[in-house]
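Colleague: To be precise about what I am sending: the file is called query.txt and holds compact mmCIF, C-alpha atoms.
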```
# COMPACT_ATOMS: atom_id res chain seq x y z
CA MET B 1 -2.20 11.51 -6.72
CA SER B 2 -2.63 10.41 -3.17
CA ASP B 3 -5.12 11.77 -0.66
CA THR B 4 -2.58 11.10 2.10
CA PRO B 5 -1.57 14.27 3.95
CA VAL B 6 2.00 15.16 3.01
CA SER B 7 3.03 15.29 6.67
CA GLU B 8 2.19 11.59 7.01
CA MET B 9 4.20 10.48 3.96
CA SER B 10 7.56 8.79 3.99
CA PHE B 11 10.33 10.37 1.96
CA GLU B 12 9.90 7.72 -0.74
CA GLN B 13 6.13 8.24 -0.99
CA ALA B 14 6.53 12.00 -1.23
CA MET B 15 9.23 11.72 -3.90
CA ALA B 16 7.14 9.34 -5.99
CA GLU B 17 4.16 11.67 -5.87
CA LEU B 18 6.36 14.70 -6.58
CA GLU B 19 7.63 12.94 -9.71
CA GLN B 20 4.02 12.38 -10.80
CA VAL B 21 3.17 16.03 -10.21
CA VAL B 22 6.17 17.22 -12.21
CA GLY B 23 5.33 14.83 -15.04
CA LYS B 24 1.76 16.12 -15.25
CA LEU B 25 2.88 19.74 -15.19
CA GLU B 26 5.56 19.14 -17.83
CA ALA B 27 3.05 17.41 -20.11
CA GLY B 28 1.11 20.67 -20.19
CA ASP B 29 -2.27 19.04 -20.76
CA VAL B 30 -3.73 20.01 -17.38
CA PRO B 31 -6.24 22.89 -17.12
CA LEU B 32 -4.99 26.07 -15.45
CA GLU B 33 -6.84 25.60 -12.14
CA ALA B 34 -5.65 22.00 -11.88
CA SER B 35 -2.10 23.14 -12.69
CA ILE B 36 -2.21 25.61 -9.81
CA THR B 37 -3.44 22.88 -7.44
CA LEU B 38 -0.73 20.50 -8.69
CA TYR B 39 1.93 23.18 -8.28
CA GLU B 40 0.85 23.86 -4.68
CA ARG B 41 0.87 20.11 -3.89
CA GLY B 42 4.30 19.83 -5.53
CA ALA B 43 5.68 22.69 -3.46
CA GLU B 44 4.40 21.04 -0.28
CA LEU B 45 5.88 17.68 -1.30
CA LYS B 46 9.24 19.31 -2.12
CA ALA B 47 9.40 21.04 1.26
CA HIS B 48 8.54 17.76 3.01
CA CYS B 49 11.28 15.89 1.13
CA GLU B 50 13.82 18.60 1.92
CA ALA B 51 12.94 18.44 5.63
CA LYS B 52 13.27 14.64 5.65
CA LEU B 53 16.66 14.86 3.91
CA LYS B 54 17.90 17.52 6.33
CA ALA B 55 16.90 15.36 9.30
CA ALA B 56 18.69 12.37 7.80
CA GLU B 57 21.82 14.44 7.13
CA GLU B 58 21.83 15.68 10.72
CA LYS B 59 21.55 12.11 12.01
CA VAL B 60 24.45 11.01 9.83
CA ALA B 61 26.51 14.00 10.93
CA ALA B 62 25.84 13.07 14.56
CA ILE B 63 27.48 9.64 14.23
CA THR B 64 30.70 9.60 16.22
CA LEU B 65 33.72 7.61 15.11
CA GLY B 66 36.35 5.93 17.25
CA GLU B 67 40.10 6.03 16.68
CA ASN B 68 39.92 3.16 14.18
CA GLY B 69 37.19 4.94 12.19
CA ALA B 70 34.41 2.62 13.31
CA PRO B 71 31.13 4.14 14.53
CA THR B 72 31.05 4.28 18.33
CA GLY B 73 27.72 5.96 18.90
CA THR B 74 25.88 9.13 18.18
CA THR B 75 25.99 12.67 19.42
CA PRO B 76 22.55 14.04 20.32
CA VAL B 77 21.31 16.59 17.81
CA GLU B 78 18.79 19.14 19.07
CA GLY B 79 15.41 19.11 17.42
CA LEU B 80 15.44 15.48 16.30
```
Hey, can you dump this file as C-alpha cells for me?

Modeller:
Amino acid sequence: MSDTPVSEMSFEQAMAELEQVVGKLEAGDVPLEASITLYERGAELKAHCEAKLKAAEEKVAAITLGENGAPTGTTPVEGL
C-alpha cells in the first residue's frame, strides 16, 4: 500500500490501491487490527474514486453540441 494521501492520488492510483486492499481483505489472512485499518483505507479510496468519477461525469455532461452533433464548447458547471 502507498503512503500517499488519498486526496493527492489520481483516479487510477486510487483504483489500483483499492484493488490491492480488496484482495488482501478477501484473502482473509490479515490480522483483525490490520483488517480494520485496510477497511478504513479502502472506504477512503472508494469515496475518492466516486468523487473523481462524479466530477468527470459532470464535465462530460457540460459539453455542448452544435446542430451537427459536434462539440462546440462547454457549459460551466458549478463547483468544478

Colleague: Tell me which protein, DNA and RNA residues are within 10 Å of segment 7-15 of chain B, counting all atoms listed in the file, leaving out same-chain ones fewer than 6 positions away, and put them as a list in words.

Modeller: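 Answer for this query is Val21, Gly42, Glu44, Leu45, Lys46, Ala47, His48, Cys49, Glu50, Ala51, Lys52 and Leu53 of chain B.
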
Colleague: Closest to Ser35 of chain B among B:Gly66, B:Pro5, B:Gly23, B:Gly73, using all atoms listed in the file?

Modeller: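 Closest residue, counting all atoms listed in the file: B:Gly23.
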
Colleague: Identify which of the residues B:Leu38, B:Ala61, B:Val6, B:Ala56 lies closest to Glu26 of chain B, counting all atoms listed in the file when measuring atom-to-atom distances.

Modeller: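 Using all atoms listed in the file, Glu26 of chain B sits closest to B:Leu38.
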
Colleague: With distances taken over only C-alpha atoms, which residue among B:Glu17, B:Val30, B:Gly69, B:Leu25 lies nearest Ser2 of chain B?

Modeller: B:Glu17

Colleague: For the atom pair atom CA of Tyr39 of chain B and atom CA of Glu58 of chain B, what is the interatomic distance in Å to one decimal place?

Modeller: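 Atom CA of Glu58 of chain B lies at a distance of 28.5 Å from atom CA of Tyr39 of chain B.
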
Colleague: Between B:Arg41, B:Lys54, B:Asp29, B:Glu19, which residue has the minimum interatomic distance to Asp3 of chain B, considering all atoms listed in the file?

Modeller: B:Arg41

Colleague: Work out how far apart atom CA of Ile36 of chain B and atom CA of Met1 of chain B are and give it in Å to one decimal.

Modeller: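 According to the coordinates, atom CA of Ile36 of chain B and atom CA of Met1 of chain B are separated by 14.4 Å.
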
Colleague: Select, from B:Thr4, B:Asn68, B:Ala43, B:Ile63, the residue with the minimum atom-to-atom distance to Val22 of chain B, counting only C-alpha atoms.

Modeller: B:Ala43

Colleague: Around all of segment 12-26 of chain B's listed atoms, make the axis-aligned box with 4 Å on each side and tell me centre and edge lengths in Å to one decimal, as JSON.

Modeller:
```
{"center_x": 5.8, "center_y": 13.7, "center_z": -9.3, "size_x": 16.1, "size_y": 20.0, "size_z": 25.1}
```
